[in-house]
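This report concerns only the one structure given below.
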Amino acid sequence: MGTRNQPTSVLESGIMKIRTVTTEPFADQKPGTSGLRKKVSVFRQPHYLENFIQALFNALHDLPTLTLVIGGDGRFHNRDAIQVILRMAAANGVGRLIVGRGGLLSTPAASCLIRAHGANGGIILSASHNPGGVNGDFGIKFNVANGGPAPERVTEEIFRQTQTIRQYRIIDSDDIDLSRDGEVRLENTRITVVDPVADYAALMEKLFDFDRLQDLLGGGMFNVCFDAMHAVTGPYATAILERRLGAMPGTVLNYTPLVDFGGGHPDPNLTYASELVEIMAATPAPDFGAASDGDGDRAMILGQRFFVSPSDSIAVMAANAHLVPGYRGGLAGVARSMPTSQALDRVAKRLGIDCYETPTGWKYFGNLLDSGRITLCGEESFGAGSSHLREKDGLWAVLFWLDVIAARRQSVEQIVRAHWRDYGRNFYTRHDYENIDANVAHDIVSELRTKMATLSGKTIGGHQIAKCDDFSYTDPVDGSVTQQQGLRILFRDGSRIVYRLSGTGTEGATLRIYIEQYVADSARHGDDPQTALAGLIAAANHLSGILTRTGRGGPTVIT
Ligand code: G1P
Ligand code: ZN
């Protein structure tokens, strides 16, 4: 990818003025696990957003021929940032922009629109599950023509452009009205405002048995509670679950997207989705509960007083995919991120299909999906998805589960327990230590790396270590190699401890410790994971010295 020639003059055009603004590079515009994610205050510095967007345009070619999809999760700064991006796109001569009404698009809906309209890519304004509001986080993700997150060679090129940028182009114009569907022109750029839900809902209808779902949800015998956490899935879940499938009004909680997510943390886990967790723990409770994150690509699945571990969720989905119309033809293969439990591997083995193990981050599934090697994939961080898009998809996972329930006529808990009986249970937990001192975190990891060289053959937490490594991945499609993706202690019995630093946080560092142990004996399947894994948890804490070195009493979040 080359750098385009930069205009140097100020052009007058009608009442609009294309300005070339002089700027200086910011050193910190390197995209992380999922785009560029920073505090709102960082994004609101003069030129910060503009620099990154110009760097992105500089990294693209033939702008007048391009169609880009644009939308965001509605968090603080979404509204202003989108207007800047539209004005910059027009000043840079981008051919066409497809924008979600109100500037809203969930991440999966953006992926869907890119694919449905044959667009060349998309810009998604979101910091996913990170808090919003004026003191919260903001983010920008760039997706490519397959609808998926830009691969590393593209984000690297954008980063390279941010380091040398000296000017950007923008039009002085009034705000574009994004409140109504329709089309406007800004200079030579065609801007189409579309319903953010329609294409996505149509795709869901192709994949799932909507008649069967209507019988289940509309009959009044099966109650669902979907917590949109004041984030972007509210309009999607209301349109599909309540209006289309007849679920009771009130099924979708916190359905209005708010700039600060109502002060909450739109991360669907047992800690941050506490409102839903309480509802599902009560007696009586709804039959099915789900919560979705800021940009709608994650979902937590709950039964009555029952939590489905995301790793189990993906395995159960794979094992039951033949019951769902869109997947009746069978799964080509499956994939999971490295720290995700190996429950999925067991299903793949039974089905006689490949199971790929990728680094953390959805972008690594792109090539596997594009090449037809896999149909279904997921991560332990509440993300699951399939070849229907190139992003993880929260509401899709909810509809998948509901369709399986409708087919099997069993509760969430019955389905998961039957799965464990059939395959054994991969006990699993993730301990997150959020916002720890970055130096301490890096010291912990580098000392662990050194220590791990001496561990093989030793026994810790009652398990014998087979090997230790720093996970490295070679993409089977393009041969690209990604290194240092997590320190792994692999035990002879298949148990694992994995240490990884988060690539999405914006404050200090977040250390994630992932712990897994397989238990075949069904008499033990009812155990609490924290109890079942206590030996390995203690060993993981001891090896890293995490508690003493951070002075913490325990993890910030336990999943
Ligand atoms: C986290 C999750 C990862 C997910 C990413 C983007 O990244 O762990 O699975 O793909 O968010 O949603 P991390 O903070 O661990 O780098
Ligand atoms: Zn997300």
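Chain labels run A, B, ... following the order of the structure tokens; each chain numbers its residues from 1, and ligands are numbered from 1 in the order shown.
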
Subject >> Exercise answer, 9 Å around ligand 2 with only C-alpha atoms and all ligand atoms, as a ChimeraX atom specification >> reply: /A:34,106-107,126-130,266-267,292-298,383,392-394

**OP:** Pick out the residues sitting within 8 Å of Val412 (chain A), and hand them over as number ranges by chain; count only C-alpha atoms, and ignore anything fewer than 5 positions along from it in its own chain.
**Re:** A: 287-288, 302-304, 306, 405

Would you mind exporting C-alpha atoms of the selected residues as a short mmCIF file (atom, residue, chain, number, x, y, z; two decimals), in the first residue's frame?
```
data_model
loop_
_atom_site.label_atom_id
_atom_site.label_comp_id
_atom_site.auth_asym_id
_atom_site.auth_seq_id
_atom_site.Cartn_x
_atom_site.Cartn_y
_atom_site.Cartn_z
CA ASP A 287 -36.31 -19.62 31.20
CA PHE A 288 -33.50 -18.01 29.29
CA LEU A 302 -27.83 -18.00 31.22
CA GLY A 303 -30.44 -20.57 32.16
CA GLN A 304 -32.53 -20.47 35.32
CA PHE A 306 -27.40 -21.55 35.59
CA ILE A 405 -33.92 -25.12 22.75
#
```

Original post:
Once you count only C-alpha atoms and all ligand atoms, which residues end up within 10 Å of ligand 1, and could you hand them over as a VMD selection string?
Top reply: chain A and resid 32 to 35 127 to 130 267 293 295 297 to 298 336 to 340 359 to 364 378 to 384 391 to 392 430 432 434 485 500 to 506 509 to 512

Residue subset to file, keeping C-alpha atoms, as a PDB file, in the first residue's frame:
```
ATOM      1  CA  GLY A  32      -4.537  -3.251  19.497  1.00  0.00           C
ATOM      2  CA  THR A  33      -6.500  -6.534  19.730  1.00  0.00           C
ATOM      3  CA  SER A  34      -9.512  -4.794  18.263  1.00  0.00           C
ATOM      4  CA  GLY A  35      -8.806  -1.421  16.665  1.00  0.00           C
ATOM      5  CA  ALA A 127     -14.684   0.416  22.340  1.00  0.00           C
ATOM      6  CA  SER A 128     -16.764  -2.759  22.604  1.00  0.00           C
ATOM      7  CA  HIS A 129     -17.234  -3.811  26.229  1.00  0.00           C
ATOM      8  CA  ASN A 130     -15.258  -0.903  27.724  1.00  0.00           C
ATOM      9  CA  ASP A 267     -19.441  -6.208  29.424  1.00  0.00           C
ATOM     10  CA  ASP A 293     -21.916  -5.963  25.112  1.00  0.00           C
ATOM     11  CA  ASP A 295     -21.242  -3.098  20.229  1.00  0.00           C
ATOM     12  CA  ASP A 297     -20.756  -8.870  19.249  1.00  0.00           C
ATOM     13  CA  ARG A 298     -20.705 -10.714  22.573  1.00  0.00           C
ATOM     14  CA  ARG A 336     -11.348 -21.333  18.919  1.00  0.00           C
ATOM     15  CA  SER A 337      -8.912 -18.819  20.325  1.00  0.00           C
ATOM     16  CA  MET A 338      -6.038 -20.443  22.191  1.00  0.00           C
ATOM     17  CA  PRO A 339      -7.211 -19.575  25.732  1.00  0.00           C
ATOM     18  CA  THR A 340     -10.732 -20.914  25.015  1.00  0.00           C
ATOM     19  CA  PRO A 359      -4.458 -16.273  18.849  1.00  0.00           C
ATOM     20  CA  THR A 360      -6.936 -14.128  20.772  1.00  0.00           C
ATOM     21  CA  GLY A 361      -8.852 -11.702  18.539  1.00  0.00           C
ATOM     22  CA  TRP A 362     -11.499 -12.218  15.887  1.00  0.00           C
ATOM     23  CA  LYS A 363      -9.248 -11.179  13.013  1.00  0.00           C
ATOM     24  CA  TYR A 364      -7.487 -14.543  13.143  1.00  0.00           C
ATOM     25  CA  GLY A 378     -15.553 -18.577  19.144  1.00  0.00           C
ATOM     26  CA  GLU A 379     -13.640 -17.231  22.078  1.00  0.00           C
ATOM     27  CA  GLU A 380     -13.876 -17.688  25.824  1.00  0.00           C
ATOM     28  CA  SER A 381     -14.604 -13.954  26.121  1.00  0.00           C
ATOM     29  CA  PHE A 382     -18.315 -14.433  25.276  1.00  0.00           C
ATOM     30  CA  GLY A 383     -17.815 -14.155  21.522  1.00  0.00           C
ATOM     31  CA  ALA A 384     -19.158 -16.717  19.076  1.00  0.00           C
ATOM     32  CA  GLU A 391     -17.438 -10.739  13.256  1.00  0.00           C
ATOM     33  CA  LYS A 392     -18.584 -12.394  16.412  1.00  0.00           C
ATOM     34  CA  ARG A 430     -10.661 -16.898  33.658  1.00  0.00           C
ATOM     35  CA  ASP A 432      -8.816 -10.954  35.256  1.00  0.00           C
ATOM     36  CA  GLU A 434      -7.665  -5.242  35.716  1.00  0.00           C
ATOM     37  CA  GLN A 485       0.322 -14.777  22.155  1.00  0.00           C
ATOM     38  CA  ARG A 500      -1.863 -13.251  28.777  1.00  0.00           C
ATOM     39  CA  LEU A 501      -1.848  -9.482  28.862  1.00  0.00           C
ATOM     40  CA  SER A 502      -4.972  -7.846  27.502  1.00  0.00           C
ATOM     41  CA  GLY A 503      -4.661  -5.836  24.294  1.00  0.00           C
ATOM     42  CA  THR A 504      -7.908  -3.892  24.717  1.00  0.00           C
ATOM     43  CA  GLY A 505      -7.586  -2.093  28.054  1.00  0.00           C
ATOM     44  CA  THR A 506      -6.939   1.636  28.294  1.00  0.00           C
ATOM     45  CA  ALA A 509      -2.466  -3.344  32.277  1.00  0.00           C
ATOM     46  CA  THR A 510      -4.858  -6.258  32.597  1.00  0.00           C
ATOM     47  CA  LEU A 511      -3.431  -9.687  33.273  1.00  0.00           C
ATOM     48  CA  ARG A 512      -5.682 -12.579  32.330  1.00  0.00           C
TER      49      ARG A 512
END
```

**OP:** Write out as a ChimeraX atom specification which residues come within 12 Å of Asn254 (chain A) when counting only C-alpha atoms, dropping same-chain ones fewer than 2 positions away.
**Re:** /A:225-235,237-238,250-252,256-258,261-264,266,273,275-276,291-294

**OP:** Using only C-alpha atoms, determine which residues lie at most 9 Å from Thr162 (chain A), disregarding the query and same-chain residues fewer than 3 positions distant; provide the list as a PyMOL selection string.
**Re:** chain A and resi 25-30+51-52+54-56+157-159+165-166

Mind dumping the selected residues with all heavy atoms as a tab-separated table (two decimals), in the first residue's frame?
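result-v1.tsv, freshly written:
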```tsv
chain	number	residue	atom	x	y	z
A	25	PRO	N	2.26	14.02	13.96
A	25	PRO	CA	1.87	12.65	14.34
A	25	PRO	C	1.69	12.49	15.86
A	25	PRO	O	2.33	13.19	16.63
A	25	PRO	CB	3.07	11.81	13.89
A	25	PRO	CG	3.83	12.64	12.93
A	25	PRO	CD	3.58	14.06	13.31
A	26	PHE	N	0.78	11.60	16.26
A	26	PHE	CA	0.69	11.15	17.65
A	26	PHE	C	1.40	9.80	17.69
A	26	PHE	O	1.22	8.98	16.78
A	26	PHE	CB	-0.77	10.96	18.08
A	26	PHE	CG	-1.52	12.27	18.21
A	26	PHE	CD1	-2.19	12.81	17.12
A	26	PHE	CD2	-1.55	12.94	19.42
A	26	PHE	CE1	-2.88	14.00	17.23
A	26	PHE	CE2	-2.24	14.14	19.54
A	26	PHE	CZ	-2.91	14.68	18.45
A	27	ALA	N	2.16	9.57	18.75
A	27	ALA	CA	2.98	8.36	18.79
A	27	ALA	C	2.16	7.10	19.14
A	27	ALA	O	2.61	5.99	18.93
A	27	ALA	CB	4.10	8.53	19.80
A	28	ASP	N	0.94	7.31	19.66
A	28	ASP	CA	0.23	6.17	20.29
A	28	ASP	C	-0.95	5.67	19.47
A	28	ASP	O	-1.94	5.24	20.02
A	28	ASP	CB	-0.25	6.59	21.67
A	28	ASP	CG	-1.29	7.70	21.60
A	28	ASP	OD1	-1.40	8.33	20.52
A	28	ASP	OD2	-2.01	7.91	22.59
A	29	GLN	N	-0.87	5.72	18.14
A	29	GLN	CA	-2.04	5.32	17.36
A	29	GLN	C	-1.90	3.92	16.78
A	29	GLN	O	-2.35	3.64	15.66
A	29	GLN	CB	-2.33	6.38	16.29
A	29	GLN	CG	-2.71	7.72	16.94
A	29	GLN	CD	-3.42	8.67	16.00
A	29	GLN	OE1	-3.02	8.81	14.84
A	29	GLN	NE2	-4.45	9.36	16.49
A	30	LYS	N	-1.31	3.04	17.54
A	30	LYS	CA	-1.17	1.65	17.07
A	30	LYS	C	-2.40	0.86	17.47
A	30	LYS	O	-2.71	0.73	18.66
A	30	LYS	CB	0.07	1.02	17.71
A	30	LYS	CG	0.45	-0.32	17.09
A	30	LYS	CD	1.73	-0.83	17.75
A	30	LYS	CE	2.09	-2.23	17.31
A	30	LYS	NZ	2.40	-2.36	15.89
A	51	ASN	N	-6.26	12.68	12.52
A	51	ASN	CA	-5.00	12.04	12.10
A	51	ASN	C	-5.23	10.57	11.78
A	51	ASN	O	-4.78	10.05	10.76
A	51	ASN	CB	-3.96	12.11	13.22
A	51	ASN	CG	-3.16	13.39	13.20
A	51	ASN	OD1	-3.60	14.38	12.63
A	51	ASN	ND2	-2.00	13.36	13.83
A	52	PHE	N	-5.94	9.90	12.69
A	52	PHE	CA	-6.10	8.45	12.50
A	52	PHE	C	-6.95	8.16	11.26
A	52	PHE	O	-6.64	7.25	10.48
A	52	PHE	CB	-6.73	7.81	13.75
A	52	PHE	CG	-6.73	6.31	13.68
A	52	PHE	CD1	-5.54	5.60	13.86
A	52	PHE	CD2	-7.89	5.59	13.41
A	52	PHE	CE1	-5.52	4.21	13.76
A	52	PHE	CE2	-7.87	4.21	13.32
A	52	PHE	CZ	-6.68	3.52	13.50
A	54	GLN	N	-7.33	10.11	8.62
A	54	GLN	CA	-6.56	10.41	7.41
A	54	GLN	C	-5.53	9.30	7.14
A	54	GLN	O	-5.34	8.89	6.00
A	54	GLN	CB	-5.84	11.76	7.54
A	54	GLN	CG	-5.16	12.21	6.25
A	54	GLN	CD	-6.15	12.47	5.13
A	54	GLN	OE1	-7.08	13.26	5.30
A	54	GLN	NE2	-5.99	11.78	3.99
A	55	ALA	N	-4.92	8.80	8.22
A	55	ALA	CA	-3.96	7.70	8.06
A	55	ALA	C	-4.65	6.49	7.43
A	55	ALA	O	-4.09	5.82	6.56
A	55	ALA	CB	-3.36	7.33	9.41
A	56	LEU	N	-5.86	6.26	7.87
A	56	LEU	CA	-6.64	5.14	7.30
A	56	LEU	C	-6.89	5.39	5.81
A	56	LEU	O	-6.65	4.51	4.97
A	56	LEU	CB	-7.96	5.01	8.07
A	56	LEU	CG	-9.07	4.18	7.46
A	56	LEU	CD1	-8.62	2.74	7.26
A	56	LEU	CD2	-10.30	4.19	8.36
A	157	GLU	N	-0.07	-0.93	8.33
A	157	GLU	CA	0.07	0.14	7.35
A	157	GLU	C	-0.60	1.43	7.85
A	157	GLU	O	-0.07	2.53	7.70
A	157	GLU	CB	-0.51	-0.30	6.00
A	157	GLU	CG	-0.58	0.78	4.92
A	157	GLU	CD	0.78	1.38	4.56
A	157	GLU	OE1	1.82	0.83	4.96
A	157	GLU	OE2	0.79	2.44	3.89
A	158	ILE	N	-1.76	1.28	8.48
A	158	ILE	CA	-2.44	2.47	9.03
A	158	ILE	C	-1.54	3.09	10.11
A	158	ILE	O	-1.33	4.30	10.13
A	158	ILE	CB	-3.82	2.10	9.62
A	158	ILE	CG1	-4.74	1.55	8.53
A	158	ILE	CG2	-4.47	3.31	10.30
A	158	ILE	CD1	-6.03	0.93	9.03
A	159	PHE	N	-0.99	2.24	10.96
A	159	PHE	CA	-0.10	2.73	12.03
A	159	PHE	C	1.10	3.46	11.42
A	159	PHE	O	1.49	4.54	11.87
A	159	PHE	CB	0.34	1.57	12.91
A	159	PHE	CG	1.31	1.98	13.99
A	159	PHE	CD1	1.00	3.01	14.87
A	159	PHE	CD2	2.53	1.34	14.12
A	159	PHE	CE1	1.89	3.41	15.86
A	159	PHE	CE2	3.44	1.73	15.10
A	159	PHE	CZ	3.12	2.77	15.97
A	165	ILE	N	2.26	11.28	9.38
A	165	ILE	CA	1.22	12.20	8.89
A	165	ILE	C	1.59	13.66	9.17
A	165	ILE	O	2.10	13.98	10.25
A	165	ILE	CB	-0.15	11.82	9.48
A	165	ILE	CG1	-1.26	12.56	8.75
A	165	ILE	CG2	-0.20	12.09	10.98
A	165	ILE	CD1	-2.61	11.94	8.98
A	166	ARG	N	1.35	14.51	8.19
A	166	ARG	CA	1.63	15.94	8.37
A	166	ARG	C	0.39	16.79	8.08
A	166	ARG	O	0.36	17.96	8.39
A	166	ARG	CB	2.76	16.39	7.43
A	166	ARG	CG	4.10	15.76	7.75
A	166	ARG	CD	4.80	16.45	8.92
A	166	ARG	NE	5.93	15.65	9.36
A	166	ARG	CZ	6.16	15.25	10.59
A	166	ARG	NH1	5.35	15.61	11.55
A	166	ARG	NH2	7.19	14.51	10.90
```

**OP:** Mind listing the alpha helix (DSSP H) residues of region 364-447 of chain A, per DSSP on the backbone, as number ranges by chain?
**Re:** A: 366-370, 394-408, 412-423, 438-447

**OP:** Could you give me, as a PyMOL selection string, the residues within 10 Å of region 543-559 of chain A, counting only C-alpha atoms and dropping anything in the same chain fewer than 4 positions from it?
**Re:** chain A and resi 269-272+307+309-310+380-382+428-437+440-441+443-445+447-448+451-452+460+499+510-514+529-530+537-539

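All residues of protein, DNA or RNA that reach within 8 Å of region 413-426 of chain A, judged by only C-alpha atoms and not counting those fewer than 2 positions away in the chain, are Gly303, Gln304, Phe306, Val308, Asp312, Val316, Ser341, Gln342, Ala343, Arg346, Val347, Gln410, Ser411, Tyr428, Glu516, Gln517, Tyr518, Val519, Ala520, Asp521, Ser522 and His525 of chain A.
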
Subject >> Point-to-point distance from CA of Thr358 (chain A) to CA of Thr454 (chain A), Å rounded to tenths >> reply: 25.8 Å

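Taking CA of Ala202 (chain A) and CA of Phe400 (chain A) as the two end points, the separation is 14.9 Å.
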
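Among the candidates A:Val224, A:Ile353, A:Ile123, A:Ala335, the one nearest to Ile279 (chain A) when counting only C-alpha atoms is A:Val224.
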
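One distance worth recording is that between CA of Val404 (chain A) and CA of Asp527 (chain A), which is 25.2 Å.
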
Original post:
Can you list, as number ranges by chain, every residue of region 415-531 of chain A that DSSP puts in strand (DSSP E)?
Top reply: A: 425-436, 459-460, 463-470, 473-474, 481-482, 487-491, 496-501, 509-519
